[in-house]
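Source file protein00.txt; content: compact mmCIF, C-alpha atoms.
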# COMPACT_ATOMS: atom_id res chain seq x y z
CA MET Y 1 57.39 -18.60 113.38
CA LYS Y 2 58.40 -22.02 112.20
CA ILE Y 3 57.54 -23.19 108.73
CA ASP Y 4 57.04 -26.88 108.29
CA PRO Y 5 56.49 -27.68 104.62
CA ILE Y 6 55.74 -31.31 105.50
CA HIS Y 7 52.94 -30.56 107.90
CA GLN Y 8 50.39 -30.29 105.10
CA PHE Y 9 50.81 -33.97 104.29
CA ASN Y 10 49.92 -35.19 107.78
CA ILE Y 11 47.18 -37.74 108.04
CA GLU Y 12 44.79 -36.77 110.81
CA PRO Y 13 42.28 -39.41 111.85
CA LEU Y 14 38.88 -37.82 112.35
CA PHE Y 15 37.11 -40.88 113.77
CA THR Y 16 37.73 -44.58 113.91
CA LEU Y 17 35.77 -46.86 111.62
CA GLY Y 18 36.98 -50.19 112.92
CA HIS Y 19 39.87 -52.60 112.95
CA ILE Y 20 41.19 -55.09 110.44
CA GLY Y 21 43.60 -57.40 112.20
CA ASN Y 22 45.74 -55.06 114.23
CA HIS Y 23 45.29 -52.19 111.82
CA THR Y 24 43.09 -49.33 112.91
CA ILE Y 25 40.86 -48.14 110.11
CA ALA Y 26 40.11 -44.48 110.62
CA PHE Y 27 38.19 -41.91 108.66
CA THR Y 28 41.01 -39.44 108.10
CA ASN Y 29 41.39 -36.03 106.50
CA SER Y 30 42.51 -37.96 103.43
CA SER Y 31 39.20 -39.86 103.45
CA LEU Y 32 37.38 -36.57 103.83
CA TYR Y 33 39.03 -35.14 100.73
CA MET Y 34 38.36 -38.34 98.77
CA LEU Y 35 34.73 -37.88 99.77
CA VAL Y 36 34.89 -34.23 98.68
CA ALA Y 37 36.31 -35.25 95.30
CA VAL Y 38 33.64 -37.91 94.80
CA ALA Y 39 30.95 -35.43 95.85
CA ILE Y 40 32.20 -32.73 93.48
CA ILE Y 41 32.40 -35.17 90.56
CA SER Y 42 28.94 -36.57 91.29
CA LEU Y 43 27.49 -33.09 91.63
CA LEU Y 44 29.15 -31.95 88.41
CA MET Y 45 28.05 -34.96 86.42
CA LEU Y 46 24.60 -35.54 87.89
CA ALA Y 47 23.28 -32.10 88.81
CA SER Y 48 24.27 -30.46 85.56
CA GLY Y 49 21.08 -31.06 83.60
CA THR Y 50 20.58 -32.54 80.14
CA GLN Y 51 19.50 -29.51 78.21
CA LEU Y 52 19.85 -29.24 74.49
CA VAL Y 53 21.77 -26.00 74.89
CA PRO Y 54 24.06 -26.67 77.82
CA GLY Y 55 24.64 -24.24 80.66
CA ARG Y 56 28.04 -23.68 82.23
CA LEU Y 57 27.99 -26.67 84.56
CA GLN Y 58 26.63 -28.96 81.87
CA SER Y 59 29.30 -27.74 79.48
CA VAL Y 60 32.01 -28.64 81.99
CA ALA Y 61 30.48 -32.09 82.45
CA GLU Y 62 30.22 -32.65 78.70
CA ILE Y 63 33.70 -31.31 77.99
CA SER Y 64 35.11 -33.73 80.61
CA TYR Y 65 33.17 -36.55 78.99
CA GLU Y 66 34.30 -35.71 75.47
CA PHE Y 67 37.86 -35.06 76.58
CA VAL Y 68 38.29 -38.45 78.23
CA ALA Y 69 36.39 -40.23 75.46
CA SER Y 70 38.55 -38.71 72.72
CA THR Y 71 41.71 -39.48 74.70
CA ILE Y 72 40.69 -43.14 74.90
CA ARG Y 73 39.66 -43.34 71.26
CA SER Y 74 42.91 -41.81 70.05
CA THR Y 75 45.21 -43.98 72.18
CA ALA Y 76 43.38 -47.28 72.67
CA GLY Y 77 40.93 -47.28 69.78
CA ALA Y 78 37.18 -47.79 69.85
CA GLU Y 79 37.58 -50.99 71.87
CA GLY Y 80 39.15 -48.98 74.66
CA MET Y 81 35.73 -47.43 75.30
CA LYS Y 82 35.00 -50.56 77.36
CA PHE Y 83 37.20 -48.97 80.00
CA PHE Y 84 35.61 -45.54 79.69
CA PRO Y 85 34.06 -45.60 83.20
CA LEU Y 86 37.36 -46.68 84.76
CA ILE Y 87 39.49 -44.11 82.97
CA PHE Y 88 36.91 -41.39 83.48
CA SER Y 89 36.77 -42.20 87.21
CA LEU Y 90 40.57 -42.19 87.47
CA PHE Y 91 40.97 -38.96 85.55
CA MET Y 92 38.22 -37.09 87.35
CA PHE Y 93 39.20 -38.40 90.77
CA ILE Y 94 42.83 -37.38 90.36
CA CYS Y 95 42.06 -34.10 88.62
CA VAL Y 96 39.44 -32.96 91.12
CA SER Y 97 41.37 -34.04 94.20
CA ASN Y 98 44.51 -32.34 92.84
CA LEU Y 99 42.63 -29.13 92.12
CA VAL Y 100 40.94 -29.17 95.51
CA GLY Y 101 44.28 -29.91 97.13
CA ILE Y 102 45.78 -26.76 95.68
CA ILE Y 103 43.42 -24.59 97.72
CA PRO Y 104 45.34 -23.44 100.83
CA TYR Y 105 44.69 -25.40 104.04
CA THR Y 106 43.32 -28.38 102.20
CA PHE Y 107 44.78 -31.84 101.86
CA THR Y 108 45.98 -33.43 98.62
CA VAL Y 109 44.94 -37.06 98.35
CA SER Y 110 47.43 -37.89 95.60
CA SER Y 111 50.40 -36.56 97.59
CA HIS Y 112 50.51 -39.94 99.30
CA LEU Y 113 52.33 -42.70 97.50
CA ILE Y 114 50.04 -45.38 98.90
CA VAL Y 115 47.05 -43.80 97.13
CA THR Y 116 48.76 -43.35 93.77
CA ALA Y 117 50.31 -46.81 94.05
CA ALA Y 118 46.91 -48.35 94.72
CA LEU Y 119 45.49 -46.63 91.63
CA ALA Y 120 48.49 -47.60 89.50
CA LEU Y 121 48.24 -51.22 90.67
CA LEU Y 122 44.54 -51.18 89.87
CA VAL Y 123 45.45 -50.21 86.31
CA PHE Y 124 48.31 -52.73 86.20
CA PHE Y 125 46.15 -55.64 87.22
CA THR Y 126 43.31 -54.55 84.99
CA VAL Y 127 45.71 -54.59 82.04
CA LEU Y 128 47.22 -57.92 83.06
CA ILE Y 129 43.94 -59.71 83.76
CA TYR Y 130 42.07 -58.31 80.79
CA GLY Y 131 45.02 -58.89 78.49
CA VAL Y 132 45.38 -62.54 79.48
CA ALA Y 133 41.62 -63.14 79.52
CA LYS Y 134 41.15 -61.65 76.07
CA ASN Y 135 44.28 -62.80 74.26
CA GLY Y 136 45.46 -65.80 76.29
CA LEU Y 137 49.17 -66.42 76.00
CA LYS Y 138 49.32 -64.17 72.95
CA PHE Y 139 49.20 -61.28 75.39
CA PHE Y 140 52.80 -61.97 76.34
CA SER Y 141 53.85 -61.27 72.78
CA ILE Y 142 54.10 -57.63 73.90
CA PHE Y 143 57.42 -58.68 75.41
CA VAL Y 144 58.71 -59.86 72.03
CA PRO Y 145 59.07 -56.89 69.68
CA HIS Y 146 59.01 -57.54 65.96
CA GLY Y 147 62.10 -57.26 63.83
CA VAL Y 148 64.66 -57.68 66.58
CA PRO Y 149 67.64 -59.90 65.65
CA GLY Y 150 67.67 -63.23 67.50
CA TYR Y 151 70.93 -62.70 69.34
CA ILE Y 152 69.77 -59.60 71.23
CA LEU Y 153 66.18 -60.82 71.64
CA PRO Y 154 66.76 -62.20 75.16
CA LEU Y 155 68.16 -58.85 76.27
CA VAL Y 156 65.29 -56.93 74.67
CA MET Y 157 62.76 -59.29 76.22
CA PHE Y 158 64.37 -58.87 79.61
CA ILE Y 159 64.14 -55.08 79.29
CA GLU Y 160 60.54 -55.27 78.05
CA ILE Y 161 59.49 -57.49 80.92
CA LEU Y 162 61.29 -55.34 83.45
CA SER Y 163 59.70 -52.17 82.09
CA PHE Y 164 56.29 -53.82 82.11
CA PHE Y 165 56.58 -54.65 85.78
CA LEU Y 166 58.05 -51.25 86.59
CA ARG Y 167 55.08 -49.53 84.99
CA PRO Y 168 53.04 -49.24 88.21
CA VAL Y 169 56.10 -47.77 89.92
CA SER Y 170 56.66 -45.02 87.38
CA HIS Y 171 52.93 -44.57 86.98
CA SER Y 172 52.38 -43.94 90.69
CA VAL Y 173 55.61 -42.16 91.58
CA ARG Y 174 55.19 -39.65 88.78
CA LEU Y 175 51.87 -38.42 90.17
CA PHE Y 176 52.89 -38.65 93.81
CA ALA Y 177 56.23 -36.88 93.34
CA ASN Y 178 54.74 -34.10 91.25
CA MET Y 179 52.06 -33.31 93.77
CA LEU Y 180 54.39 -33.64 96.75
CA ALA Y 181 57.18 -31.53 95.27
CA GLY Y 182 54.83 -28.87 94.01
CA HIS Y 183 53.15 -28.47 97.36
CA ILE Y 184 56.45 -28.37 99.23
CA ALA Y 185 57.84 -25.76 96.85
CA LEU Y 186 54.72 -23.65 97.22
CA LYS Y 187 54.89 -23.88 100.98
CA VAL Y 188 58.57 -23.00 101.10
CA PHE Y 189 58.23 -19.96 98.88
CA ALA Y 190 55.12 -18.76 100.65
CA GLY Y 191 56.90 -19.31 103.96
CA PHE Y 192 59.76 -17.08 102.84
CA VAL Y 193 57.39 -14.14 102.59
CA ALA Y 194 56.23 -14.47 106.19
CA MET Y 195 59.69 -15.32 107.46
CA LEU Y 196 61.28 -12.25 105.86
CA GLY Y 197 58.49 -10.02 107.11
CA PHE Y 198 58.53 -11.23 110.67
CA SER Y 199 62.29 -11.31 111.02
CA LEU Y 200 63.38 -8.17 109.16
CA GLY Y 201 60.40 -5.88 109.67
CA ALA Y 202 59.51 -3.33 107.00
CA LEU Y 203 62.54 -4.17 104.85
CA GLY Y 204 61.56 -7.80 105.05
CA TRP Y 205 58.03 -7.13 103.86
CA VAL Y 206 59.40 -5.19 100.89
CA GLY Y 207 61.90 -7.94 100.18
CA GLY Y 208 59.10 -10.45 100.42
CA VAL Y 209 57.64 -9.21 97.17
CA LEU Y 210 59.96 -11.42 95.16
CA PRO Y 211 59.08 -14.72 96.86
CA LEU Y 212 55.43 -13.65 96.79
CA ALA Y 213 55.60 -13.18 93.01
CA LEU Y 214 57.29 -16.57 92.76
CA THR Y 215 54.56 -18.09 94.88
CA VAL Y 216 51.89 -16.70 92.60
CA ALA Y 217 53.72 -18.00 89.53
CA LEU Y 218 54.23 -21.38 91.16
CA TYR Y 219 50.60 -21.48 92.12
CA ALA Y 220 49.58 -21.01 88.51
CA LEU Y 221 52.04 -23.70 87.50
CA GLU Y 222 50.62 -26.02 90.15
CA ILE Y 223 47.11 -25.58 88.76
CA LEU Y 224 48.48 -26.67 85.40
CA VAL Y 225 50.36 -29.57 86.99
CA ALA Y 226 47.25 -30.68 88.88
CA PHE Y 227 45.37 -31.06 85.62
CA LEU Y 228 48.32 -32.29 83.61
CA GLN Y 229 49.23 -35.08 86.01
CA ALA Y 230 45.66 -36.33 85.99
CA TYR Y 231 45.80 -36.28 82.19
CA VAL Y 232 49.16 -38.06 82.15
CA PHE Y 233 47.84 -40.70 84.51
CA ALA Y 234 44.77 -41.21 82.33
CA ILE Y 235 46.65 -41.30 79.03
CA LEU Y 236 49.23 -43.76 80.39
CA THR Y 237 46.34 -45.91 81.55
CA CYS Y 238 45.00 -45.80 77.99
CA ILE Y 239 48.38 -46.70 76.53
CA TYR Y 240 48.78 -49.64 78.92
CA LEU Y 241 45.25 -50.80 78.16
CA ASN Y 242 46.02 -50.56 74.46
CA ASP Y 243 48.64 -53.28 75.04
CA ALA Y 244 45.97 -55.49 76.53
CA ILE Y 245 43.51 -54.77 73.72
CA HIS Y 246 45.93 -54.94 70.78
CA PRO Y 247 48.97 -56.96 71.92
CA GLY Y 248 50.11 -57.42 68.31
CA HIS Y 249 52.27 -54.30 68.23
CA MET O 1 54.29 -51.82 108.23
CA ALA O 2 52.72 -54.19 110.75
CA GLU O 3 55.70 -53.75 113.06
CA SER O 4 55.59 -50.00 113.30
CA HIS O 5 51.86 -50.04 113.65
CA GLY O 6 51.93 -52.68 116.32
CA GLY O 7 54.42 -50.59 118.25
CA ALA O 8 52.27 -47.51 118.02
CA LYS O 9 49.08 -49.26 118.84
CA SER O 10 49.99 -50.89 122.11
CA PRO O 11 49.92 -47.93 124.50
CA ALA O 12 46.63 -46.22 123.62
CA ALA O 13 43.64 -46.21 121.30
CA GLY O 14 44.48 -46.67 117.63
CA ALA O 15 43.09 -43.43 116.28
CA HIS O 16 45.11 -41.27 118.63
CA THR O 17 48.35 -43.07 118.06
CA GLY O 18 47.91 -42.53 114.37
CA ALA O 19 47.50 -38.81 114.93
CA ASP O 20 50.44 -38.66 117.32
CA GLY O 21 52.61 -40.54 114.91
CA GLY O 22 51.70 -38.03 112.24
CA HIS O 23 52.43 -35.01 114.39
CA HIS O 24 55.41 -35.79 116.46
CA GLY O 25 56.98 -38.77 114.83
CA GLY O 26 59.10 -36.43 112.76
CA GLY O 27 58.77 -38.93 109.90
CA PHE O 28 57.68 -38.13 106.41
CA PRO O 29 53.88 -38.50 106.38
CA PRO O 30 53.58 -40.14 102.93
CA PHE O 31 55.90 -42.91 104.13
CA GLU O 32 54.24 -43.50 107.45
CA SER O 33 52.98 -47.00 107.12
CA SER O 34 50.62 -46.79 110.06
CA ASN O 35 48.28 -44.73 107.91
CA TYR O 36 48.34 -47.01 104.89
CA ALA O 37 45.48 -49.23 105.92
CA SER O 38 43.11 -46.33 106.59
CA GLN O 39 43.98 -44.70 103.28
CA LEU O 40 43.65 -47.90 101.31
CA VAL O 41 40.27 -48.68 102.85
CA SER O 42 38.89 -45.19 102.25
CA LEU O 43 40.33 -45.12 98.75
CA ALA O 44 38.75 -48.49 97.98
CA ILE O 45 35.39 -47.38 99.32
CA PHE O 46 35.31 -43.99 97.65
CA PHE O 47 36.78 -45.15 94.36
CA VAL O 48 34.26 -47.97 94.10
CA VAL O 49 31.46 -45.52 94.95
CA LEU O 50 32.79 -43.13 92.33
CA TYR O 51 33.11 -45.91 89.76
CA VAL O 52 29.54 -47.03 90.34
CA ILE O 53 28.20 -43.48 90.16
CA VAL O 54 30.22 -42.76 87.02
CA SER O 55 29.42 -45.96 85.18
CA LYS O 56 25.77 -46.33 86.19
CA LEU O 57 24.57 -42.73 86.36
CA ALA O 58 26.96 -40.03 85.23
CA LEU O 59 28.27 -41.35 81.91
CA PRO O 60 24.91 -42.65 80.62
CA LYS O 61 23.33 -39.33 81.55
CA VAL O 62 25.94 -37.05 80.01
CA GLY O 63 26.51 -39.38 77.07
CA GLY O 64 22.76 -39.51 76.51
CA ALA O 65 22.53 -35.74 76.54
CA ILE O 66 25.37 -35.46 74.03
CA GLU O 67 23.84 -38.12 71.82
CA ALA O 68 20.41 -36.51 72.04
CA ARG O 69 21.94 -33.24 70.93
CA GLN O 70 23.78 -34.97 68.10
CA ASN O 71 20.58 -36.64 66.95
CA LYS O 72 18.67 -33.39 67.24
CA ILE O 73 21.26 -31.54 65.19
CA GLU O 74 21.34 -34.26 62.57
CA GLY O 75 17.56 -34.38 62.48
CA ASP O 76 17.38 -30.63 62.15
CA LEU O 77 19.94 -30.70 59.38
CA THR O 78 18.05 -33.33 57.42
CA GLU O 79 14.84 -31.41 58.05
CA ALA O 80 16.48 -28.22 56.80
CA GLN O 81 17.82 -30.06 53.76
CA LYS O 82 14.35 -31.43 53.08
CA LEU O 83 12.80 -27.99 53.38
CA LYS O 84 15.48 -26.55 51.15
CA ASP O 85 14.83 -29.21 48.54
CA GLN O 86 11.14 -28.50 48.81
CA SER O 87 11.60 -24.79 48.38
CA GLU O 88 13.92 -25.37 45.44
CA ALA O 89 11.35 -27.66 43.84
CA ALA O 90 8.67 -25.03 44.49
CA LEU O 91 10.89 -22.39 42.96
CA LYS O 92 11.48 -24.57 39.92
CA ALA O 93 7.78 -25.28 39.58
CA TYR O 94 7.04 -21.58 39.91
CA GLU O 95 9.58 -20.74 37.25
CA SER O 96 8.32 -23.34 34.81
CA GLU O 97 4.76 -22.22 35.52
CA LEU O 98 5.81 -18.66 34.92
CA ALA O 99 7.52 -19.60 31.65
CA ALA O 100 4.45 -21.54 30.54
CA ALA O 101 2.18 -18.65 31.44
CA ARG O 102 4.43 -16.26 29.60
CA SER O 103 4.46 -18.38 26.45
CA ARG O 104 0.71 -18.85 26.74
CA ALA O 105 0.22 -15.13 27.10
CA GLN O 106 2.38 -14.59 24.06
CA ALA O 107 0.40 -17.16 22.12
CA ILE O 108 -2.86 -15.53 23.16
CA GLY O 109 -1.49 -12.13 22.22
CA ASN O 110 -0.31 -13.38 18.83
CA GLU O 111 -3.59 -15.11 18.19
CA SER O 112 -5.70 -12.12 19.11
CA ARG O 113 -3.48 -9.84 17.08
CA ASP O 114 -3.73 -12.13 14.08
CA LYS O 115 -7.48 -12.30 14.53
CA ALA O 116 -7.76 -8.54 14.80
CA ASN O 117 -5.55 -8.12 11.77
CA ALA O 118 -7.62 -10.58 9.77
CA GLN O 119 -10.84 -8.91 10.86
CA ALA O 120 -9.49 -5.49 9.99
CA ASP O 121 -8.33 -6.81 6.61
CA ALA O 122 -11.74 -8.32 5.91
CA GLU O 123 -13.52 -5.16 6.95
CA ARG O 124 -11.23 -3.07 4.83
CA LYS O 125 -11.74 -5.34 1.84
CA ALA O 126 -15.53 -5.22 2.26
CA LEU O 127 -15.39 -1.47 2.55
CA GLU O 128 -13.19 -1.20 -0.51
CA GLU O 129 -15.53 -3.47 -2.48
CA GLN O 130 -18.46 -1.39 -1.33
CA LEU O 131 -16.68 1.78 -2.32
CA ALA O 132 -15.67 0.28 -5.68
CA ALA O 133 -19.27 -0.76 -6.31
CA LYS O 134 -20.51 2.72 -5.42
CA LEU O 135 -17.83 4.22 -7.65
CA ALA O 136 -18.83 1.96 -10.50
CA GLY O 137 -22.50 2.86 -9.95
CA ALA O 138 -21.65 6.53 -9.92
CA GLU O 139 -19.56 6.23 -13.10
CA LYS O 140 -22.42 4.35 -14.76
CA THR O 141 -24.86 7.08 -13.74
CA ILE O 142 -22.47 9.72 -15.05
CA ALA O 143 -22.12 7.87 -18.35
CA SER O 144 -25.87 7.40 -18.81
CA THR O 145 -26.47 11.01 -17.84
CA ARG O 146 -23.90 12.07 -20.36
CA THR O 147 -25.46 9.87 -23.06
CA ALA O 148 -28.85 11.29 -22.24
CA ALA O 149 -27.45 14.80 -22.30
CA MET O 150 -25.75 14.11 -25.62
CA SER O 151 -29.00 12.78 -27.18
CA ASN O 152 -30.83 15.85 -25.85
CA VAL O 153 -28.12 17.98 -27.43
CA ARG O 154 -28.77 16.25 -30.82
CA GLY O 155 -32.54 16.85 -30.48
CA ILE O 156 -31.93 20.50 -29.58
CA ALA O 157 -29.44 20.80 -32.43
CA ALA O 158 -31.93 19.28 -34.92
CA ASP O 159 -34.69 21.57 -33.65
CA ALA O 160 -32.40 24.56 -33.81
CA ALA O 161 -31.21 23.56 -37.33
CA GLY O 162 -34.87 23.15 -38.53
CA GLN O 163 -35.81 26.58 -37.08
CA ILE O 164 -32.72 28.20 -38.59
CA VAL O 165 -33.50 26.66 -42.05
CA GLN O 166 -37.16 27.81 -41.75
CA GLN O 167 -36.15 31.33 -40.80
CA LEU O 168 -33.63 31.55 -43.59
CA THR O 169 -35.59 29.89 -46.39
CA GLY O 170 -39.14 29.97 -45.19
CA ILE O 171 -39.45 26.36 -46.08
CA VAL O 172 -40.08 23.84 -43.33
CA PRO O 173 -37.34 21.26 -43.85
CA ASP O 174 -37.98 17.58 -43.80
CA ALA O 175 -37.23 16.21 -40.30
CA ALA O 176 -35.37 13.20 -41.68
CA SER O 177 -32.94 15.30 -43.76
CA VAL O 178 -32.34 17.65 -40.79
CA ASN O 179 -31.54 14.72 -38.55
CA ALA O 180 -29.20 13.27 -41.16
CA ALA O 181 -27.48 16.64 -41.55
CA VAL O 182 -27.11 17.06 -37.76
CA ASP O 183 -25.76 13.54 -37.41
CA ALA O 184 -23.31 14.22 -40.25
CA SER O 185 -22.06 17.40 -38.65
CA LEU O 186 -21.90 15.79 -35.18
CA LYS O 187 -19.79 13.08 -36.71
CA GLY O 188 -17.62 15.59 -38.51
Show the structure stored in the file as structure tokens.
Amino acid sequence: MKIDPIHQFNIEPLFTLGHIGNHTIAFTNSSLYMLVAVAIISLLMLASGTQLVPGRLQSVAEISYEFVASTIRSTAGAEGMKFFPLIFSLFMFICVSNLVGIIPYTFTVSSHLIVTAALALLVFFTVLIYGVAKNGLKFFSIFVPHGVPGYILPLVMFIEILSFFLRPVSHSVRLFANMLAGHIALKVFAGFVAMLGFSLGALGWVGGVLPLALTVALYALEILVAFLQAYVFAILTCIYLNDAIHPGH
Amino acid sequence: MAESHGGAKSPAAGAHTGADGGHHGGGFPPFESSNYASQLVSLAIFFVVLYVIVSKLALPKVGGAIEARQNKIEGDLTEAQKLKDQSEAALKAYESELAAARSRAQAIGNESRDKANAQADAERKALEEQLAAKLAGAEKTIASTRTAAMSNVRGIAADAAGQIVQQLTGIVPDAASVNAAVDASLKG
């Protein structure tokens, strides 16, 4: 019995959609789980009714709505509500695909850097383009903090600019690494249980209780992380957008 | 990215090489660049679909439901406030009405009592006057009766004196002298 904690991240093409240049575009298991996430979000938001006294499903939909809306209002102000659909889509997409991905034998979309990087770059360019379009060159005043003595200003500006351009990196790697590491850890601990049992017999099964308990605890932690990382991604998006909306500070 | 993919693609159909690369390449799947294009394309498609659904359907619907509830609650609250004000006004009106009725009842009571008192006083006065008149009449009658009786007594006394004088002296006395003698003795 060989345990391969990396196997769960394999991309399996299900059918080919076409070719772009010499790249094959396939509908993969990753695509399938993106579709599942979109379907779950659509179902939750659209099939939940609009009753005056909400049912369970409608409550979930409305709590998601209020949660994201209040996050935006508190970090980016009322003007940030322009980006409500974007941030809501990002948050729900990441949250739902993370939560689905935690179910055994499923695939986690955000455990691939290319996906999280694409989302982070989407945010980065949204901030950049909106910031320049709205504020013109004043947008770049975010690189010049107030109250910094002139002689260290070049250094501070250099750091500010560097951190601005590294934002998509940290933004995407944070989510990717969390999901990847969590899933590998889960797989390794769960694998211990089977490995001990199959190799040591009865004693092994008894000894497997400890890694099993750890797996359960880790699983609970991973559910938290799945939600938390989606929230972190969304709130960072709000903070970055706040720079584009109010570059003055 | 293009290099590794090109290498994988040449021997067989693209889809299978991708799968083979994933299985047996021994590489780390998240860093296998041959899969990037597929993932980016599906992500673009599904994220755009999600964005459109969210912005055009889901958020207006859920936001509308929340807003409708908010409006309903606010409307209900104002309605309740209005009804409360109304009931308070009605209560106030009732109380003032009650106070007015009470004072009116008191006034009516006072008035009727005063009237009854006055009537009783008048009746009593009339009765007293009547009784006083009757008393006066009766006293007058008594006085006249007494006067009459007294004059009769004088006549009887004069008669008796005349008879007594006749019996004693055998002379019939003069009526005038008898009367004068009786009057003198009555006076004495």
Within 12 Å of Leu17 (chain Y), counting only C-alpha atoms, which residues show up once you throw out same-chain ones fewer than 2 positions away? Write them as a PDB file with C-alpha atoms, in the frame of the given file, please.
ATOM      1  CA  PRO Y  13      42.280 -39.410 111.850  1.00  0.00           C
ATOM      2  CA  LEU Y  14      38.880 -37.820 112.350  1.00  0.00           C
ATOM      3  CA  PHE Y  15      37.110 -40.880 113.770  1.00  0.00           C
ATOM      4  CA  HIS Y  19      39.870 -52.600 112.950  1.00  0.00           C
ATOM      5  CA  ILE Y  20      41.190 -55.090 110.440  1.00  0.00           C
ATOM      6  CA  HIS Y  23      45.290 -52.190 111.820  1.00  0.00           C
ATOM      7  CA  THR Y  24      43.090 -49.330 112.910  1.00  0.00           C
ATOM      8  CA  ILE Y  25      40.860 -48.140 110.110  1.00  0.00           C
ATOM      9  CA  ALA Y  26      40.110 -44.480 110.620  1.00  0.00           C
ATOM     10  CA  PHE Y  27      38.190 -41.910 108.660  1.00  0.00           C
ATOM     11  CA  THR Y  28      41.010 -39.440 108.100  1.00  0.00           C
ATOM     12  CA  SER Y  31      39.200 -39.860 103.450  1.00  0.00           C
TER      13      SER Y  31
ATOM     14  CA  GLY O  14      44.480 -46.670 117.630  1.00  0.00           C
ATOM     15  CA  ALA O  15      43.090 -43.430 116.280  1.00  0.00           C
ATOM     16  CA  ALA O  37      45.480 -49.230 105.920  1.00  0.00           C
ATOM     17  CA  SER O  38      43.110 -46.330 106.590  1.00  0.00           C
ATOM     18  CA  GLN O  39      43.980 -44.700 103.280  1.00  0.00           C
ATOM     19  CA  VAL O  41      40.270 -48.680 102.850  1.00  0.00           C
ATOM     20  CA  SER O  42      38.890 -45.190 102.250  1.00  0.00           C
TER      21      SER O  42
END
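With all atoms listed in the file taken into account, the protein and nucleic acid residues at most 12 Å from Ile129 (chain Y) (excluding it and anything under 3 positions from it in its own chain) are Leu121, Leu122, Val123, Phe124, Phe125, Thr126, Val132, Ala133, Lys134, Asn135, Gly136, Leu137, Phe139, Phe140, Leu241, Asp243, Ala244 and Ile245 of chain Y.
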(request) Do a neighbour search on Ser70 (chain Y) at 12 Å with only C-alpha atoms, toss out local chain neighbours closer than 5 positions, and write the hits as a VMD selection string. (result) chain Y and resid 62 to 65 75 to 78 80 to 81 84 87 to 88 234 to 235 238
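A straight line drawn from CA of Ser89 (chain Y) to CA of Tyr51 (chain O) is 5.8 Å long.
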(request) Would you work out the distance separating CA of Leu128 (chain Y) from CA of Leu50 (chain O), expressed in Å to one decimal? (result) 22.6 Å
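Taking CA of Leu43 (chain O) and CA of Val127 (chain Y) as endpoints, the distance between them is 19.9 Å.
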(request) Find, counting only C-alpha atoms, the residue in Y:Phe233, Y:Phe9, Y:Phe192, Y:Tyr240 that gets nearest to Phe91 (chain Y). (result) Y:Phe233
(request) Tell me which of Y:Ile40, Y:Leu162, Y:Ile184, Y:Leu35 sits closest to Met92 (chain Y), counting all atoms listed in the file. (result)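 Of Y:Ile40, Y:Leu162, Y:Ile184, Y:Leu35, the one nearest Met92 (chain Y) is Y:Ile40, counting all atoms listed in the file.
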